[in-house]
Amino acid sequence: MSVEDTPKPTSEPPQLQNVRRALSDPIRLRILEALWEAPKTAKAVAARLRVPPNRLYYHLRTLEAAGVIAVVGHEVVGRFAERVYGARQFHYGRDLPGLDPEDRAALFAAMLQASAEELSAAARAATPIHRVFRGTLFVDPNRLNELLAQLDHLLDASGPTKSGPGARALHLTLAAYELPTP
């Protein structure tokens with residue numbers, strides 16, 4: 001793939017006013033995850049997600065307007081130059097402070113719906129599912145901060161640009177939350 005040198009997606013958190021709308025649809029979350037693997041054209045994203053390319057253009061524009069993805073280059077295919085999109089790696093809980101409760105609920109619901117769809121597809125296809133856990137973890141406050149710091153370190157150290165040859169993309173859904181007291 002021939003990609004021109006163009007500005008990379010920003011490392012600044014995206015603008016919050018558009019993030020809820022951009023990430024509240026499971027297909028847009030799947031697009032974002034596909035772009036975390038590597039920059040891709042709309043046709044490559046469509047092939048990765050097994051959907052028609054014309055179904056993605058609206059979603060790509062929505063993600064780009066929110067600052068979650070950006071055009072990082074162009075790929076010449078025949079006589080045409082196709083946009084190559086790249087995504088920024090960010091942690092929803094850490095990098096999106098200030099979302100109101102309804103926005104957070106919509107975002108998390110879309111994330112979990114996308115994970116459920118992918119996990120169901122993996123189970124039907126008999127692809128490896130390494131761990132599934134749902135339960136309660138009892139942790140004292142000091143240990144909780146240490147655990148969250150370790151998770152942040154693991155996530156920061158495992159992005160697509162930090163992987164070695166032969167690395168495989170492993171999808172991970174993790175939610176650490178406390179239930180509201182009645």
# chains A, B, ... in the order shown; residues from 1 in each chain; ligands from 1
$ residues_around --residues "Pro39 in chain A" --least-positions-apart "4" --cutoff "7 Å" --atoms "only C-alpha atoms" --output "ChimeraX atom specification"
/A:35,84-86
$ write_last_selection --atoms "N, CA and C atoms" --output "PDB file, in the first residue's frame"
ATOM      1  N   LEU A  35      -9.642   0.180  12.225  1.00  0.00           N
ATOM      2  CA  LEU A  35      -8.596   1.162  11.940  1.00  0.00           C
ATOM      3  C   LEU A  35      -7.510   1.168  13.002  1.00  0.00           C
ATOM      4  N   VAL A  84      -7.032   7.071   2.806  1.00  0.00           N
ATOM      5  CA  VAL A  84      -6.627   6.074   3.796  1.00  0.00           C
ATOM      6  C   VAL A  84      -6.923   6.694   5.162  1.00  0.00           C
ATOM      7  N   TYR A  85      -7.716   5.987   5.961  1.00  0.00           N
ATOM      8  CA  TYR A  85      -8.134   6.487   7.272  1.00  0.00           C
ATOM      9  C   TYR A  85      -7.297   5.841   8.362  1.00  0.00           C
ATOM     10  N   GLY A  86      -7.010   6.614   9.388  1.00  0.00           N
ATOM     11  CA  GLY A  86      -6.317   6.107  10.568  1.00  0.00           C
ATOM     12  C   GLY A  86      -7.091   6.508  11.810  1.00  0.00           C
TER      13      GLY A  86
END
$ select_by_dssp --residues "range 82-143 of chain A" --states "helix (DSSP H, G or I)" --output "ChimeraX atom specification"
/A:92-95,101-125,141-143
$ residues_around --residues "range 50-63 of chain A" --least-positions-apart "4" --cutoff "9 Å" --atoms "only C-alpha atoms" --output "ChimeraX atom specification"
/A:18-19,21-23,25,27-28,31-32,42-46,67-70,85
$ atom_distance --atom1 "CA of Ala109 in chain A" --atom2 "CA of Pro180 in chain A"
17.3 Å
$ residues_around --residues "range 134-139 of chain A" --least-positions-apart "4" --cutoff "12 Å" --atoms "only C-alpha atoms" --output "short mmCIF file (atom, residue, chain, number, x, y, z; two decimals) with N, CA and C atoms, in the first residue's frame"
data_model
loop_
_atom_site.label_atom_id
_atom_site.label_comp_id
_atom_site.auth_asym_id
_atom_site.auth_seq_id
_atom_site.Cartn_x
_atom_site.Cartn_y
_atom_site.Cartn_z
N ARG A 143 -5.24 -1.11 46.18
CA ARG A 143 -5.00 -2.15 45.17
C ARG A 143 -5.76 -1.82 43.88
N LEU A 144 -6.94 -1.20 43.99
CA LEU A 144 -7.69 -0.82 42.81
C LEU A 144 -6.91 0.16 41.95
N ASN A 145 -6.33 1.18 42.56
CA ASN A 145 -5.53 2.15 41.80
C ASN A 145 -4.35 1.48 41.13
N GLU A 146 -3.72 0.55 41.81
CA GLU A 146 -2.59 -0.19 41.23
C GLU A 146 -3.06 -1.05 40.05
N LEU A 147 -4.18 -1.73 40.21
CA LEU A 147 -4.73 -2.56 39.15
C LEU A 147 -5.09 -1.74 37.91
N LEU A 148 -5.73 -0.59 38.12
CA LEU A 148 -6.09 0.28 37.00
C LEU A 148 -4.85 0.82 36.29
N THR A 173 -12.86 -6.57 25.75
CA THR A 173 -13.87 -5.71 26.35
C THR A 173 -13.73 -5.86 27.85
N LEU A 174 -13.49 -4.77 28.51
CA LEU A 174 -13.29 -4.80 29.95
C LEU A 174 -14.01 -3.60 30.55
N ALA A 175 -14.83 -3.85 31.51
CA ALA A 175 -15.53 -2.77 32.20
C ALA A 175 -15.34 -3.00 33.70
N ALA A 176 -14.71 -2.07 34.34
CA ALA A 176 -14.55 -2.14 35.81
C ALA A 176 -15.42 -1.03 36.37
N TYR A 177 -16.47 -1.40 37.07
CA TYR A 177 -17.43 -0.41 37.56
C TYR A 177 -18.00 -0.85 38.89
N GLU A 178 -18.51 0.12 39.61
CA GLU A 178 -19.18 -0.15 40.87
C GLU A 178 -20.66 0.09 40.67
N LEU A 179 -21.49 -0.75 41.23
CA LEU A 179 -22.93 -0.55 41.14
C LEU A 179 -23.35 0.56 42.09
#
$ atom_distance --atom1 "CA of His153 in chain A" --atom2 "CA of Glu117 in chain A"
27.3 Å
$ closest_residue --among "A:Leu29, A:Asp140, A:Phe108, A:Glu37" --to "Ala167 in chain A" --atoms "only C-alpha atoms"
A:Glu37
$ atom_distance --atom1 "CA of Gln113 in chain A" --atom2 "CA of Arg88 in chain A"
21.1 Å
$ decode --residues "range 147-177 of chain A" --atoms "N, CA and C atoms" --output "mmCIF file, in the first residue's frame"
data_model
loop_
_atom_site.group_PDB
_atom_site.id
_atom_site.type_symbol
_atom_site.label_atom_id
_atom_site.label_comp_id
_atom_site.auth_asym_id
_atom_site.auth_seq_id
_atom_site.Cartn_x
_atom_site.Cartn_y
_atom_site.Cartn_z
ATOM 1 N N LEU A 147 -4.183 -1.725 40.211
ATOM 2 C CA LEU A 147 -4.732 -2.563 39.148
ATOM 3 C C LEU A 147 -5.089 -1.735 37.914
ATOM 4 N N LEU A 148 -5.732 -0.591 38.116
ATOM 5 C CA LEU A 148 -6.091 0.278 36.998
ATOM 6 C C LEU A 148 -4.846 0.823 36.294
ATOM 7 N N ALA A 149 -3.817 1.145 37.045
ATOM 8 C CA ALA A 149 -2.562 1.621 36.447
ATOM 9 C C ALA A 149 -1.918 0.509 35.609
ATOM 10 N N GLN A 150 -1.972 -0.728 36.095
ATOM 11 C CA GLN A 150 -1.428 -1.854 35.331
ATOM 12 C C GLN A 150 -2.211 -2.063 34.035
ATOM 13 N N LEU A 151 -3.524 -1.949 34.101
ATOM 14 C CA LEU A 151 -4.347 -2.081 32.900
ATOM 15 C C LEU A 151 -4.023 -0.979 31.898
ATOM 16 N N ASP A 152 -3.909 0.254 32.372
ATOM 17 C CA ASP A 152 -3.549 1.366 31.486
ATOM 18 C C ASP A 152 -2.201 1.111 30.821
ATOM 19 N N HIS A 153 -1.235 0.621 31.589
ATOM 20 C CA HIS A 153 0.088 0.319 31.036
ATOM 21 C C HIS A 153 -0.009 -0.762 29.959
ATOM 22 N N LEU A 154 -0.757 -1.812 30.233
ATOM 23 C CA LEU A 154 -0.930 -2.892 29.257
ATOM 24 C C LEU A 154 -1.571 -2.372 27.976
ATOM 25 N N LEU A 155 -2.621 -1.574 28.102
ATOM 26 C CA LEU A 155 -3.306 -1.041 26.925
ATOM 27 C C LEU A 155 -2.410 -0.080 26.146
ATOM 28 N N ASP A 156 -1.656 0.768 26.851
ATOM 29 C CA ASP A 156 -0.753 1.712 26.188
ATOM 30 C C ASP A 156 0.377 0.990 25.456
ATOM 31 N N ALA A 157 0.811 -0.140 25.982
ATOM 32 C CA ALA A 157 1.963 -0.857 25.433
ATOM 33 C C ALA A 157 1.588 -1.842 24.338
ATOM 34 N N SER A 158 0.301 -1.970 24.022
ATOM 35 C CA SER A 158 -0.090 -3.018 23.078
ATOM 36 C C SER A 158 -0.783 -2.495 21.834
ATOM 37 N N GLY A 159 -0.564 -1.255 21.491
ATOM 38 C CA GLY A 159 -1.172 -0.710 20.282
ATOM 39 C C GLY A 159 -0.560 -1.318 19.035
ATOM 40 N N PRO A 160 -1.198 -1.120 17.886
ATOM 41 C CA PRO A 160 -0.728 -1.750 16.645
ATOM 42 C C PRO A 160 0.675 -1.330 16.244
ATOM 43 N N THR A 161 1.114 -0.131 16.607
ATOM 44 C CA THR A 161 2.457 0.300 16.235
ATOM 45 C C THR A 161 3.507 -0.254 17.184
ATOM 46 N N LYS A 162 3.095 -0.873 18.272
ATOM 47 C CA LYS A 162 4.035 -1.392 19.253
ATOM 48 C C LYS A 162 4.139 -2.912 19.208
ATOM 49 N N SER A 163 3.478 -3.530 18.248
ATOM 50 C CA SER A 163 3.467 -4.980 18.150
ATOM 51 C C SER A 163 4.590 -5.457 17.255
ATOM 52 N N GLY A 164 5.072 -6.640 17.545
ATOM 53 C CA GLY A 164 6.122 -7.229 16.742
ATOM 54 C C GLY A 164 5.563 -8.016 15.571
ATOM 55 N N PRO A 165 6.460 -8.587 14.771
ATOM 56 C CA PRO A 165 6.013 -9.387 13.621
ATOM 57 C C PRO A 165 5.166 -10.565 14.094
ATOM 58 N N GLY A 166 4.131 -10.859 13.354
ATOM 59 C CA GLY A 166 3.269 -11.988 13.687
ATOM 60 C C GLY A 166 2.268 -11.714 14.794
ATOM 61 N N ALA A 167 2.213 -10.482 15.294
ATOM 62 C CA ALA A 167 1.261 -10.160 16.363
ATOM 63 C C ALA A 167 -0.157 -10.305 15.834
ATOM 64 N N ARG A 168 -1.039 -10.795 16.664
ATOM 65 C CA ARG A 168 -2.444 -10.963 16.297
ATOM 66 C C ARG A 168 -3.287 -9.948 17.044
ATOM 67 N N ALA A 169 -4.340 -9.515 16.386
ATOM 68 C CA ALA A 169 -5.274 -8.580 17.022
ATOM 69 C C ALA A 169 -6.190 -9.380 17.942
ATOM 70 N N LEU A 170 -6.201 -9.023 19.195
ATOM 71 C CA LEU A 170 -7.045 -9.679 20.190
ATOM 72 C C LEU A 170 -8.026 -8.630 20.692
ATOM 73 N N HIS A 171 -9.303 -8.851 20.454
ATOM 74 C CA HIS A 171 -10.308 -7.890 20.908
ATOM 75 C C HIS A 171 -10.562 -8.109 22.390
ATOM 76 N N LEU A 172 -10.693 -7.014 23.102
ATOM 77 C CA LEU A 172 -10.838 -7.061 24.550
ATOM 78 C C LEU A 172 -11.933 -6.087 24.959
ATOM 79 N N THR A 173 -12.862 -6.568 25.747
ATOM 80 C CA THR A 173 -13.871 -5.707 26.346
ATOM 81 C C THR A 173 -13.728 -5.857 27.845
ATOM 82 N N LEU A 174 -13.487 -4.769 28.510
ATOM 83 C CA LEU A 174 -13.287 -4.797 29.951
ATOM 84 C C LEU A 174 -14.005 -3.602 30.549
ATOM 85 N N ALA A 175 -14.826 -3.849 31.510
ATOM 86 C CA ALA A 175 -15.527 -2.774 32.200
ATOM 87 C C ALA A 175 -15.341 -3.000 33.700
ATOM 88 N N ALA A 176 -14.705 -2.072 34.343
ATOM 89 C CA ALA A 176 -14.550 -2.138 35.808
ATOM 90 C C ALA A 176 -15.416 -1.028 36.367
ATOM 91 N N TYR A 177 -16.472 -1.403 37.069
ATOM 92 C CA TYR A 177 -17.431 -0.412 37.558
ATOM 93 C C TYR A 177 -17.997 -0.846 38.889
#
